[in-house]
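Visitor: One structure is given below, represented as structure tokens, and several questions about it will come after.
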Amino acid sequence: MSFTDLIEKHKSWIERTFEKLDEKLSHCAVRSREKIPYTVKDGVHDDRKNNITWWTNGFWGGLMWLMYEATRNPEYEVTARVSEGLLEKAFEEIDGLHHDVGFMFHLTSGASYRLTGDKRSRRNNLLAAMLLASRYNSKGEFIRAWNIENSEGWTIIDSMMNIPLLYWASREVGDDRFKYIAVAQADMCARDHVREDGTIHHIVMHDTTKPKVLGTRGGQGYKEGSCWSRGQSWAVYGFILSYIHTQDKKYLEVARRVADLFIEETKKTEWLPRIDFKQPETPLKYDSTAGAIAACGMIEIAKCLEGAEAEKYLAAAICILQAMEKNWCDFSDENDSILQMGSEQYKGGVHIPIIYGDFFFTEAILKLKGSNFLIW
Ligand code: GLY
């Protein structure tokens, strides 16, 4: 079945799911206008305004821009602008900002500039790109993760989702320096974070004076050497985005390899992803966010392929999204969150709604609905 035939087959489910998202989010956009939500407490969005450099603070504004682009409902635009105004304060807390400025600003300021031409948003996004570029270690050839003590040589797979900010900055200012850094990071991640079998190291420790791996760490997964599913999903979506931005085929090949592993593992649990693909059988711990992120990546992979190859990735994305919609989505107005069963890490924050679960689930449904607005 071709890409279009498969979409056609699921058209009514896609449309119905989108309508439920719009119905709920249009109410939440007003209710949570002055907040920067992360999760919910008793069904009500919490607010991370007082922790303004928190890495997820761009997802609410980004979600509002995605919905604005799809519907042109001005309520979404108003909330997105309020969110960016709050987020700007993060630039005053420079020590708290790190490699995640892409997640924070590219989804809010970047989307705002691209959709409305707002010059202040352009400035914010360029500032974020400069901050990210300044973290590049030119001797070790990597972008440093976090700011924690004694971690000068650490990199994480999540960074693959931050480098689209650098591809954008290169194009925007007409200067390849940002792109050189993004490509160096993508090459490093392909070489040092992706294992032979297609699984992912979450954290890699590098020599800071030359390109050399010193060791790896388990990070948010079950343990060192295991396979944290969200890290896997950052790789699925991150590598295909690098392919889209550079047209370098090796990133498409890596994206397919890591997606194949994700598909094989997720099939084993009826398309509902576990937190770690190498976790013990019990307790059975899930992470919905990994499924939503990977589905976005798989749809983009499918768009870059043809025939049966494309169908494989699109079909897997639809299976994951449908399983999650049936089992884990709450479209009621009594709960500000939609996608339940997210997990921060194997050891804590398990089975809670997390804002980027709602962001990526919505992004995936919009892709299926035919949106070509690639926010990354
Ligand atoms: N970027 C951190 C995480 O995925 O939890």
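Following the order of the structure tokens, chains are lettered A, B, ..., residues in each are numbered from 1, and ligands are numbered from 1.
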Could you name the residues that touch Val101 of chain A at 8 Å or less, counting only C-alpha atoms, but leaving out those on the same chain fewer than 6 positions away, as JSON, numbers by chain?
Guide: {"A": [55, 128, 129, 131, 132, 162]}
Visitor: Just the selected residues (N, CA and C atoms), exported as a tab-separated table (two decimals), in the first residue's frame, please.
Guide:
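Resulting contents of again_9.tsv:
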chain	number	residue	atom	x	y	z
A	55	TRP	N	14.23	22.45	30.90
A	55	TRP	CA	14.42	22.11	29.48
A	55	TRP	C	13.13	21.94	28.69
A	128	ALA	N	19.62	31.98	21.04
A	128	ALA	CA	19.65	30.58	21.48
A	128	ALA	C	20.64	29.78	20.64
A	129	ALA	N	20.65	30.02	19.32
A	129	ALA	CA	21.58	29.30	18.44
A	129	ALA	C	23.03	29.63	18.80
A	131	LEU	N	24.12	30.55	21.74
A	131	LEU	CA	24.42	29.85	23.01
A	131	LEU	C	24.76	28.38	22.75
A	132	LEU	N	23.97	27.76	21.89
A	132	LEU	CA	24.21	26.33	21.61
A	132	LEU	C	25.55	26.14	20.90
A	162	ASN	N	18.22	19.08	19.31
A	162	ASN	CA	18.52	20.50	19.48
A	162	ASN	C	19.23	21.10	18.28
Visitor: Using only C-alpha atoms, determine which residues lie at most 12 Å from Ile200 of chain A, disregarding the query and same-chain residues fewer than 3 positions distant; provide the list as a short mmCIF file (atom, residue, chain, number, x, y, z; two decimals) with all heavy atoms, in the first residue's frame.
Guide:
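Full text of result28.cif as output:
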data_model
loop_
_atom_site.label_atom_id
_atom_site.label_comp_id
_atom_site.auth_asym_id
_atom_site.auth_seq_id
_atom_site.Cartn_x
_atom_site.Cartn_y
_atom_site.Cartn_z
N ILE A 156 24.97 13.76 25.03
CA ILE A 156 23.78 12.89 25.15
C ILE A 156 23.05 12.84 23.80
O ILE A 156 23.10 13.79 23.01
CB ILE A 156 22.82 13.35 26.28
CG1 ILE A 156 22.37 14.80 26.10
CG2 ILE A 156 23.47 13.16 27.63
CD1 ILE A 156 21.31 15.22 27.12
N ILE A 157 22.36 11.72 23.58
CA ILE A 157 21.68 11.50 22.30
C ILE A 157 20.57 12.52 22.08
O ILE A 157 20.27 12.90 20.93
CB ILE A 157 21.14 10.05 22.19
CG1 ILE A 157 20.67 9.73 20.76
CG2 ILE A 157 20.01 9.77 23.19
CD1 ILE A 157 21.76 9.73 19.72
N ASP A 158 19.99 13.03 23.18
CA ASP A 158 18.92 14.03 23.09
C ASP A 158 19.33 15.24 22.24
O ASP A 158 18.48 15.92 21.65
CB ASP A 158 18.51 14.54 24.48
CG ASP A 158 18.58 13.48 25.57
OD1 ASP A 158 19.37 12.53 25.42
OD2 ASP A 158 17.86 13.60 26.56
N CYS A 189 27.37 11.64 17.11
CA CYS A 189 26.29 10.80 17.68
C CYS A 189 26.16 9.49 16.89
O CYS A 189 25.98 8.43 17.48
CB CYS A 189 24.96 11.55 17.69
SG CYS A 189 24.84 12.76 19.02
N ALA A 190 26.25 9.58 15.57
CA ALA A 190 26.13 8.37 14.73
C ALA A 190 27.28 7.40 15.06
O ALA A 190 27.09 6.19 15.11
CB ALA A 190 26.14 8.73 13.26
N ARG A 191 28.45 7.95 15.28
CA ARG A 191 29.64 7.11 15.53
C ARG A 191 29.70 6.60 16.97
O ARG A 191 29.96 5.43 17.21
CB ARG A 191 30.87 7.98 15.22
CG ARG A 191 32.22 7.27 15.26
CD ARG A 191 33.34 8.26 15.01
NE ARG A 191 33.42 9.26 16.07
CZ ARG A 191 33.37 10.59 15.87
NH1 ARG A 191 33.26 11.08 14.67
NH2 ARG A 191 33.45 11.42 16.89
N ASP A 192 29.41 7.49 17.93
CA ASP A 192 29.69 7.14 19.34
C ASP A 192 28.46 6.76 20.16
O ASP A 192 28.58 6.11 21.19
CB ASP A 192 30.39 8.32 20.05
CG ASP A 192 31.74 8.66 19.40
OD1 ASP A 192 32.29 7.77 18.71
OD2 ASP A 192 32.22 9.79 19.57
N HIS A 193 27.27 7.19 19.75
CA HIS A 193 26.07 6.87 20.55
C HIS A 193 25.30 5.67 20.00
O HIS A 193 24.57 5.03 20.75
CB HIS A 193 25.12 8.08 20.60
CG HIS A 193 25.55 9.13 21.59
ND1 HIS A 193 25.06 9.20 22.88
CD2 HIS A 193 26.45 10.14 21.49
CE1 HIS A 193 25.62 10.22 23.52
NE2 HIS A 193 26.46 10.82 22.69
N VAL A 194 25.42 5.40 18.69
CA VAL A 194 24.65 4.29 18.11
C VAL A 194 25.51 3.02 18.15
O VAL A 194 26.60 2.98 17.58
CB VAL A 194 24.23 4.59 16.65
CG1 VAL A 194 23.37 3.45 16.09
CG2 VAL A 194 23.48 5.92 16.58
N ARG A 195 25.00 1.99 18.84
CA ARG A 195 25.74 0.74 18.92
C ARG A 195 25.54 -0.08 17.65
O ARG A 195 24.62 0.18 16.87
CB ARG A 195 25.27 -0.08 20.13
CG ARG A 195 25.37 0.65 21.47
CD ARG A 195 24.94 -0.31 22.60
NE ARG A 195 24.86 0.35 23.88
CZ ARG A 195 23.73 0.53 24.58
NH1 ARG A 195 22.57 0.12 24.09
NH2 ARG A 195 23.76 1.13 25.75
N GLU A 196 26.39 -1.09 17.47
CA GLU A 196 26.32 -1.99 16.31
C GLU A 196 24.90 -2.54 16.08
O GLU A 196 24.43 -2.63 14.95
CB GLU A 196 27.24 -3.19 16.54
CG GLU A 196 28.70 -2.93 16.17
CD GLU A 196 28.88 -2.73 14.68
OE1 GLU A 196 28.50 -3.64 13.92
OE2 GLU A 196 29.38 -1.65 14.28
N ASP A 197 24.22 -2.91 17.17
CA ASP A 197 22.90 -3.55 17.04
C ASP A 197 21.76 -2.54 16.88
O ASP A 197 20.58 -2.92 16.91
CB ASP A 197 22.62 -4.47 18.24
CG ASP A 197 22.52 -3.69 19.55
OD1 ASP A 197 22.70 -2.46 19.55
OD2 ASP A 197 22.24 -4.32 20.59
N ILE A 203 24.36 8.42 27.37
CA ILE A 203 25.45 9.38 27.68
C ILE A 203 26.79 8.79 27.23
O ILE A 203 27.09 7.62 27.51
CB ILE A 203 25.52 9.64 29.20
CG1 ILE A 203 24.18 10.17 29.72
CG2 ILE A 203 26.66 10.61 29.53
CD1 ILE A 203 24.11 10.32 31.24
N VAL A 204 27.58 9.61 26.54
CA VAL A 204 28.95 9.21 26.19
C VAL A 204 29.91 10.24 26.79
O VAL A 204 29.65 11.44 26.75
CB VAL A 204 29.14 9.12 24.65
CG1 VAL A 204 30.59 8.81 24.30
CG2 VAL A 204 28.22 8.05 24.05
N THR A 216 30.91 5.26 28.75
CA THR A 216 29.48 5.53 28.56
C THR A 216 28.75 5.38 29.89
O THR A 216 29.28 4.77 30.82
CB THR A 216 28.85 4.53 27.55
OG1 THR A 216 29.01 3.21 28.07
CG2 THR A 216 29.50 4.63 26.19
N ARG A 217 27.54 5.93 29.97
CA ARG A 217 26.73 5.82 31.19
C ARG A 217 25.29 5.49 30.81
O ARG A 217 24.83 5.86 29.73
CB ARG A 217 26.74 7.14 31.97
CG ARG A 217 28.11 7.51 32.50
CD ARG A 217 28.09 8.91 33.07
NE ARG A 217 27.39 8.94 34.35
CZ ARG A 217 27.99 8.93 35.53
NH1 ARG A 217 29.31 8.91 35.61
NH2 ARG A 217 27.28 9.00 36.64
N GLY A 218 24.60 4.83 31.72
CA GLY A 218 23.22 4.40 31.46
C GLY A 218 22.21 5.53 31.40
O GLY A 218 21.18 5.42 30.77
N GLY A 219 22.46 6.63 32.10
CA GLY A 219 21.56 7.78 32.09
C GLY A 219 20.17 7.45 32.61
O GLY A 219 20.01 6.83 33.66
N GLN A 220 19.14 7.78 31.82
CA GLN A 220 17.76 7.65 32.29
C GLN A 220 17.15 6.26 32.05
O GLN A 220 15.99 6.02 32.38
CB GLN A 220 16.89 8.75 31.67
CG GLN A 220 17.14 10.12 32.30
CD GLN A 220 16.73 11.29 31.44
OE1 GLN A 220 17.57 11.96 30.85
NE2 GLN A 220 15.45 11.56 31.35
N GLY A 221 17.92 5.38 31.46
CA GLY A 221 17.43 4.03 31.21
C GLY A 221 17.57 3.13 32.42
O GLY A 221 17.84 3.57 33.53
N GLU A 224 23.42 0.87 32.75
CA GLU A 224 24.47 1.00 31.75
C GLU A 224 24.40 -0.20 30.77
O GLU A 224 24.27 -1.35 31.21
CB GLU A 224 25.84 1.08 32.47
CG GLU A 224 27.07 0.83 31.63
CD GLU A 224 27.19 1.72 30.41
OE1 GLU A 224 26.56 2.78 30.36
OE2 GLU A 224 27.91 1.33 29.47
N GLY A 225 24.43 0.10 29.48
CA GLY A 225 24.38 -0.98 28.48
C GLY A 225 22.97 -1.37 28.08
O GLY A 225 22.78 -2.19 27.19
N SER A 226 21.94 -0.78 28.73
CA SER A 226 20.56 -1.13 28.37
C SER A 226 20.09 -0.23 27.22
O SER A 226 20.91 0.36 26.51
CB SER A 226 19.64 -1.03 29.59
OG SER A 226 19.50 0.32 29.98
N CYS A 227 18.79 -0.10 27.02
CA CYS A 227 18.30 0.64 25.86
C CYS A 227 17.09 1.49 26.24
O CYS A 227 15.94 1.05 26.14
CB CYS A 227 17.97 -0.34 24.74
SG CYS A 227 17.43 0.48 23.25
N TRP A 228 17.36 2.71 26.65
CA TRP A 228 16.33 3.67 27.09
C TRP A 228 15.49 4.06 25.86
O TRP A 228 16.03 4.59 24.88
CB TRP A 228 17.02 4.89 27.69
CG TRP A 228 16.14 5.99 28.15
CD1 TRP A 228 15.00 5.90 28.88
CD2 TRP A 228 16.36 7.39 27.91
NE1 TRP A 228 14.49 7.16 29.14
CE2 TRP A 228 15.31 8.09 28.55
CE3 TRP A 228 17.34 8.13 27.24
CZ2 TRP A 228 15.20 9.47 28.52
CZ3 TRP A 228 17.24 9.50 27.22
CH2 TRP A 228 16.17 10.17 27.86
N SER A 229 14.20 3.80 25.92
CA SER A 229 13.39 3.97 24.70
C SER A 229 13.27 5.43 24.28
O SER A 229 13.17 5.73 23.09
CB SER A 229 12.01 3.33 24.86
OG SER A 229 11.26 3.99 25.86
N ARG A 230 13.24 6.37 25.23
CA ARG A 230 13.15 7.77 24.77
C ARG A 230 14.45 8.18 24.08
O ARG A 230 14.43 8.92 23.10
CB ARG A 230 12.76 8.74 25.89
CG ARG A 230 12.41 10.11 25.29
CD ARG A 230 11.61 11.05 26.18
NE ARG A 230 12.26 11.38 27.40
CZ ARG A 230 11.89 10.97 28.59
NH1 ARG A 230 10.85 10.16 28.72
NH2 ARG A 230 12.54 11.32 29.68
N GLY A 231 15.59 7.70 24.60
CA GLY A 231 16.86 7.98 23.91
C GLY A 231 16.80 7.43 22.49
O GLY A 231 17.23 8.06 21.53
N GLN A 232 16.23 6.22 22.36
CA GLN A 232 16.08 5.60 21.04
C GLN A 232 15.20 6.48 20.15
O GLN A 232 15.48 6.68 18.97
CB GLN A 232 15.45 4.21 21.23
CG GLN A 232 15.54 3.31 20.03
CD GLN A 232 16.93 2.69 19.84
OE1 GLN A 232 17.68 2.53 20.79
NE2 GLN A 232 17.26 2.37 18.61
N SER A 233 14.13 7.02 20.74
CA SER A 233 13.20 7.84 19.94
C SER A 233 13.83 9.19 19.57
O SER A 233 13.61 9.70 18.47
CB SER A 233 11.87 8.05 20.66
OG SER A 233 12.01 8.91 21.78
N TRP A 234 14.66 9.75 20.48
CA TRP A 234 15.37 10.99 20.09
C TRP A 234 16.25 10.71 18.87
O TRP A 234 16.41 11.56 17.99
CB TRP A 234 16.25 11.51 21.22
CG TRP A 234 15.58 12.07 22.46
CD1 TRP A 234 15.99 11.88 23.76
CD2 TRP A 234 14.43 12.96 22.55
NE1 TRP A 234 15.18 12.57 24.63
CE2 TRP A 234 14.22 13.24 23.93
CE3 TRP A 234 13.58 13.53 21.62
CZ2 TRP A 234 13.18 14.06 24.38
CZ3 TRP A 234 12.53 14.35 22.06
CH2 TRP A 234 12.35 14.61 23.41
N ALA A 235 16.84 9.50 18.84
CA ALA A 235 17.70 9.15 17.70
C ALA A 235 16.87 8.97 16.42
O ALA A 235 17.26 9.43 15.35
CB ALA A 235 18.50 7.89 18.01
N VAL A 236 15.73 8.30 16.53
CA VAL A 236 14.88 8.08 15.35
C VAL A 236 14.52 9.43 14.72
O VAL A 236 14.76 9.67 13.52
CB VAL A 236 13.57 7.33 15.72
CG1 VAL A 236 12.63 7.26 14.52
CG2 VAL A 236 13.87 5.93 16.26
N VAL A 254 21.05 5.74 9.29
CA VAL A 254 21.08 5.57 10.76
C VAL A 254 19.65 5.66 11.31
O VAL A 254 19.25 4.88 12.17
CB VAL A 254 21.99 6.61 11.45
CG1 VAL A 254 21.98 6.42 12.97
CG2 VAL A 254 23.41 6.53 10.93
N ALA A 255 18.89 6.63 10.81
CA ALA A 255 17.50 6.80 11.29
C ALA A 255 16.72 5.50 11.07
O ALA A 255 15.96 5.06 11.96
CB ALA A 255 16.83 7.96 10.55
N ARG A 257 17.92 2.44 10.83
CA ARG A 257 18.45 1.37 11.69
C ARG A 257 17.90 1.50 13.12
O ARG A 257 17.48 0.52 13.72
CB ARG A 257 19.98 1.45 11.68
CG ARG A 257 20.69 0.18 12.03
CD ARG A 257 21.99 0.03 11.25
NE ARG A 257 22.90 1.13 11.43
CZ ARG A 257 23.75 1.25 12.46
NH1 ARG A 257 23.77 0.35 13.41
NH2 ARG A 257 24.58 2.27 12.54
N VAL A 258 17.92 2.72 13.66
CA VAL A 258 17.44 2.87 15.04
C VAL A 258 15.91 2.74 15.10
O VAL A 258 15.38 2.25 16.09
CB VAL A 258 17.95 4.19 15.68
CG1 VAL A 258 19.46 4.17 15.84
CG2 VAL A 258 17.53 5.43 14.92
N ALA A 259 15.24 3.13 14.03
CA ALA A 259 13.77 2.97 13.98
C ALA A 259 13.41 1.48 13.89
O ALA A 259 12.44 1.03 14.51
CB ALA A 259 13.19 3.73 12.79
N LEU A 261 14.93 -1.02 15.16
CA LEU A 261 15.04 -1.58 16.51
C LEU A 261 13.82 -1.18 17.35
O LEU A 261 13.23 -2.01 18.05
CB LEU A 261 16.36 -1.06 17.12
CG LEU A 261 16.90 -1.57 18.46
CD1 LEU A 261 16.13 -1.04 19.66
CD2 LEU A 261 16.99 -3.09 18.52
N PHE A 262 13.43 0.10 17.24
CA PHE A 262 12.27 0.60 18.01
C PHE A 262 11.01 -0.19 17.62
O PHE A 262 10.22 -0.60 18.47
CB PHE A 262 12.08 2.09 17.75
CG PHE A 262 11.19 2.77 18.77
CD1 PHE A 262 11.73 3.51 19.81
CD2 PHE A 262 9.80 2.65 18.70
CE1 PHE A 262 10.91 4.12 20.77
CE2 PHE A 262 8.98 3.24 19.64
CZ PHE A 262 9.54 3.99 20.68
N ASP A 276 12.43 1.03 28.92
CA ASP A 276 13.74 0.55 28.47
C ASP A 276 13.51 -0.80 27.81
O ASP A 276 12.84 -1.66 28.38
CB ASP A 276 14.68 0.44 29.68
CG ASP A 276 16.12 0.25 29.27
OD1 ASP A 276 16.40 -0.68 28.47
OD2 ASP A 276 16.98 1.02 29.73
N PHE A 277 14.05 -0.96 26.60
CA PHE A 277 13.81 -2.21 25.88
C PHE A 277 14.58 -3.38 26.49
O PHE A 277 14.40 -4.52 26.07
CB PHE A 277 14.13 -2.04 24.40
CG PHE A 277 13.19 -1.06 23.70
CD1 PHE A 277 13.69 -0.10 22.83
CD2 PHE A 277 11.83 -1.10 23.94
CE1 PHE A 277 12.84 0.80 22.19
CE2 PHE A 277 10.96 -0.21 23.31
CZ PHE A 277 11.47 0.75 22.43
N LYS A 278 15.47 -3.09 27.45
CA LYS A 278 16.17 -4.19 28.12
C LYS A 278 15.85 -4.23 29.61
O LYS A 278 16.63 -4.75 30.40
CB LYS A 278 17.68 -4.05 27.88
CG LYS A 278 18.06 -4.23 26.42
CD LYS A 278 19.55 -4.31 26.22
CE LYS A 278 19.84 -4.50 24.73
NZ LYS A 278 21.25 -4.40 24.41
#
Visitor: Can you list, as a ChimeraX atom specification, every protein, DNA or RNA residue that comes within 9 Å of Asp333 of chain A when you count only C-alpha atoms, leaving out same-chain residues fewer than 6 positions away?
Guide: /A:24,27-28
Visitor: Go ahead and save the residues from that selection, with N, CA and C atoms, as a short mmCIF file (atom, residue, chain, number, x, y, z; two decimals), in the first residue's frame.
Guide:
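To be explicit, this is the file written out as selection25.cif:
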data_model
loop_
_atom_site.label_atom_id
_atom_site.label_comp_id
_atom_site.auth_asym_id
_atom_site.auth_seq_id
_atom_site.Cartn_x
_atom_site.Cartn_y
_atom_site.Cartn_z
N LYS A 24 -10.12 19.88 22.91
CA LYS A 24 -9.54 19.96 24.26
C LYS A 24 -8.50 21.07 24.36
N HIS A 27 -9.60 24.73 24.68
CA HIS A 27 -10.02 25.12 26.03
C HIS A 27 -8.80 25.32 26.93
N CYS A 28 -7.85 24.38 26.85
CA CYS A 28 -6.64 24.46 27.69
C CYS A 28 -5.83 25.71 27.36
#
Visitor: List every residue of segment 87-265 of chain A that DSSP, applied to the backbone, labels as helix (DSSP H, G or I), and write the result as an MDAnalysis selection string.
Guide: chainID A and resid 87:92 94:96 101:116 119:133 157:161 164:173 177:193 229:246 249:265
Visitor: Under the rule that only C-alpha atoms and all ligand atoms are counted, which of A:Ile181, A:Leu374, A:Met104, A:Ala90 is the nearest residue to ligand 1?
Guide: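 Closest residue, counting only C-alpha atoms and all ligand atoms: A:Met104.
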Visitor: Would you compute the distance between atom CA of Asp260 of chain A and atom CA of Ile301 of chain A? Give it in Å to one decimal.
Guide: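 Atom-to-atom, atom CA of Asp260 of chain A to atom CA of Ile301 of chain A, that is 11.1 Å.
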Visitor: Name the residues in contact with Ile299 of chain A at a cut-off of 8 Å, using only C-alpha atoms, excluding same-chain residues fewer than 2 positions from it; report them as a PDB file with N, CA and C atoms, in the first residue's frame.
Guide:
ATOM      1  N   ALA A 295       7.090   8.014  16.681  1.00  0.00           N
ATOM      2  CA  ALA A 295       6.083   8.037  15.605  1.00  0.00           C
ATOM      3  C   ALA A 295       6.328   9.233  14.686  1.00  0.00           C
ATOM      4  N   CYS A 296       6.634  10.397  15.276  1.00  0.00           N
ATOM      5  CA  CYS A 296       6.937  11.573  14.436  1.00  0.00           C
ATOM      6  C   CYS A 296       8.111  11.262  13.514  1.00  0.00           C
ATOM      7  N   GLY A 297       9.163  10.662  14.090  1.00  0.00           N
ATOM      8  CA  GLY A 297      10.347  10.339  13.287  1.00  0.00           C
ATOM      9  C   GLY A 297      10.022   9.346  12.183  1.00  0.00           C
ATOM     10  N   ILE A 301      10.535   9.539   8.204  1.00  0.00           N
ATOM     11  CA  ILE A 301      11.326   8.548   7.455  1.00  0.00           C
ATOM     12  C   ILE A 301      10.501   8.055   6.264  1.00  0.00           C
ATOM     13  N   ALA A 302       9.240   7.736   6.527  1.00  0.00           N
ATOM     14  CA  ALA A 302       8.370   7.227   5.460  1.00  0.00           C
ATOM     15  C   ALA A 302       8.265   8.225   4.303  1.00  0.00           C
ATOM     16  N   LYS A 303       8.226   9.520   4.653  1.00  0.00           N
ATOM     17  CA  LYS A 303       8.117  10.542   3.593  1.00  0.00           C
ATOM     18  C   LYS A 303       9.364  10.587   2.709  1.00  0.00           C
ATOM     19  N   TYR A 313       7.387   2.074   7.736  1.00  0.00           N
ATOM     20  CA  TYR A 313       7.564   3.062   8.814  1.00  0.00           C
ATOM     21  C   TYR A 313       6.259   3.800   9.122  1.00  0.00           C
ATOM     22  N   LEU A 314       5.482   4.085   8.078  1.00  0.00           N
ATOM     23  CA  LEU A 314       4.207   4.773   8.306  1.00  0.00           C
ATOM     24  C   LEU A 314       3.246   3.849   9.067  1.00  0.00           C
ATOM     25  N   ALA A 317       4.209   3.682  12.712  1.00  0.00           N
ATOM     26  CA  ALA A 317       3.845   4.920  13.412  1.00  0.00           C
ATOM     27  C   ALA A 317       2.346   4.920  13.732  1.00  0.00           C
ATOM     28  N   ALA A 364       2.452  14.396  15.634  1.00  0.00           N
ATOM     29  CA  ALA A 364       2.325  13.201  14.782  1.00  0.00           C
ATOM     30  C   ALA A 364       0.963  13.176  14.082  1.00  0.00           C
ATOM     31  N   LYS A 367       0.937  15.572  11.256  1.00  0.00           N
ATOM     32  CA  LYS A 367       1.688  15.057  10.100  1.00  0.00           C
ATOM     33  C   LYS A 367       0.791  14.111   9.298  1.00  0.00           C
ATOM     34  N   LEU A 368       0.077  13.227  10.018  1.00  0.00           N
ATOM     35  CA  LEU A 368      -0.801  12.277   9.321  1.00  0.00           C
ATOM     36  C   LEU A 368      -1.921  13.010   8.594  1.00  0.00           C
TER      37      LEU A 368
END
Visitor: Excluding Ser109 of chain A and residues on its chain fewer than 4 positions from it, collect all residues at most 8 Å away from it, counting only C-alpha atoms, and give them as a list in words.
Guide: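 Selected residues are Glu84, Phe105, Tyr113, Ser121, Arg122, Asn124 and Asn125 of chain A.
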Visitor: From the DSSP assignment of the backbone, select every residue of segment 69-153 of chain A that is strand (DSSP E or B), and format the answer as a count of residues only.
Guide: 4
Visitor: Can you measure atom CA of Glu75 of chain A to atom CA of Asp46 of chain A for me? One decimal in Å is fine.
Guide: 19.9 Å
Visitor: Counting only C-alpha atoms and all ligand atoms, figure out which residue out of A:Glu265, A:Asp5, A:Asp287, A:Glu152 gets nearest to ligand 1.
Guide: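 Among the listed residues, A:Asp287 lies closest to ligand 1.
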